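Have a look at the structure below, then the notes.
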Number of protein chains: 2
Amino acid sequence: MVAPNADIRSTVQRYLDLVADGTSTEIVALYAPDATLEDPVGSEVLRGREAIGGFYAGLDGLAMTTNLVTLRVCAGHAAFHFEVVTDTGGMKFKMAPLEVMTFDGDGLITSMRAFWSDEDLVVDA
Amino acid sequence: MVAPNADIRSTVQRYLDLVADGTSTEIVALYAPDATLEDPVGSEVLRGREAIGGFYAGLDGLAMTTNLVTLRVCAGHAAFHFEVVTDTGGMKFKMAPLEVMTFDGDGLITSMRAFWSDEDLVVDA
């Protein structure tokens, strides 16, 4: 069974809301137990909720805002372009990755791959 | 060896230029001999230049314009958002897929996956 497109759209938006205002524990709950995460593509692939939780724990406490720019959903996949601004108090850093996620029949994320490189970072956005 | 990011950027732009104004033969030359194509994601995966050429032959003769919106390149991968407008004379159809391509060390496309669905089609754009 493939997750309905509408469910995938909701989960992507909830994911971005949680990256901005949630906790790593809440984010990890969107992932399937044996999910993989590769961020950025080309770096080590993390597998399982513990490793993925460790990745998002690095974002806990940061002042971040997110904005979904474009989302395409088909056949249990989401591809989306979003902006994330991190405000350190003195400076703002803006990234706008493209990400691809796959979902299981229950709508849990089974894989996430983020496409970006250092050259895409904008300071003082 | 991983293709340099600059080469991948050039190839993506040339790909979009050829989709607009080139021939299927020219497009296929950007692909590696054993490349795969999945457009849209979830449909049959085509393998090899002959099958891929057949896919693009369906575009030959259509009046199309393309525009690159966003491109991210990392580790031999490109992820990009582009617009393609097909002008049938009476009506215009606009699609704006997200695509992911992988490249070999020579900069040839080894895989292409296009993320879009019918609900993304805009008529009379």
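In the structure tokens, chains take the letters A, B, ... in the order shown, each chain's residues start at 1, and ligands count up from 1 in the order shown.
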
Q: Enumerate as a PyMOL selection string all residues of chain B assigned to strand (DSSP E) by DSSP on the backbone, naming them with the chain letters and numbers the document uses.
A: chain B and resi 31-38+46-47+63-74+77-87+92-95+98-103+109-115+122-123

Env of B:Arg72: 9 Å cut, atoms = only C-alpha atoms, seq-sep filter 3 positions within chain, self excluded. Answer as a PDB file with C-alpha atoms, in the first residue's frame.
ATOM      1  CA  PRO A  97      17.859  22.486   0.132  1.00  0.00           C
ATOM      2  CA  LEU A  98      15.957  20.166  -2.144  1.00  0.00           C
ATOM      3  CA  PHE A 115      20.640  17.907  -1.737  1.00  0.00           C
ATOM      4  CA  TRP A 116      22.725  20.987  -0.942  1.00  0.00           C
ATOM      5  CA  SER A 117      26.341  22.057  -0.642  1.00  0.00           C
ATOM      6  CA  ASP A 120      24.293  27.266  -1.309  1.00  0.00           C
TER       7      ASP A 120
ATOM      8  CA  ARG B   9      25.575  22.385 -13.564  1.00  0.00           C
ATOM      9  CA  HIS B  77      24.055  14.332  -7.930  1.00  0.00           C
ATOM     10  CA  ALA B  78      21.858  17.132  -9.206  1.00  0.00           C
ATOM     11  CA  ALA B  79      18.433  17.987  -7.821  1.00  0.00           C
ATOM     12  CA  PHE B  80      16.555  20.705  -9.620  1.00  0.00           C
TER      13      PHE B  80
END

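Here atom CA of B:Arg14 stands at a distance of 12.9 Å from atom CA of B:Phe82.
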
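Residues within 7 Å of A:Tyr31, counting only C-alpha atoms and excluding same-chain residues fewer than 4 positions away, are Ala35, Leu108, Ile109 and Thr110 of chain A.
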
(Q) Within 12 Å of chain A, which residues belong to chain B? Use only C-alpha atoms and report them as a PyMOL selection string. (A) chain B and resi 2+5-6+38-44+69-83+95-102+113-121

**Q.** Every residue of chain B that DSSP places in helix (DSSP H, G or I), as a PyMOL selection string
**A.** chain B and resi 5-21+24-28+49-57+118-120

Q. What lies within 7 Å of stretch 45-62 of chain A using only C-alpha atoms, ignoring chain neighbours under 3 positions off, as an MDAnalysis selection string?
A. chainID A and resid 23:25 28 33:38 86

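With distances restricted to only C-alpha atoms, A:Val84 is the closest residue to A:Leu68 from A:Asp21, A:Val122, A:Ala3, A:Val84.
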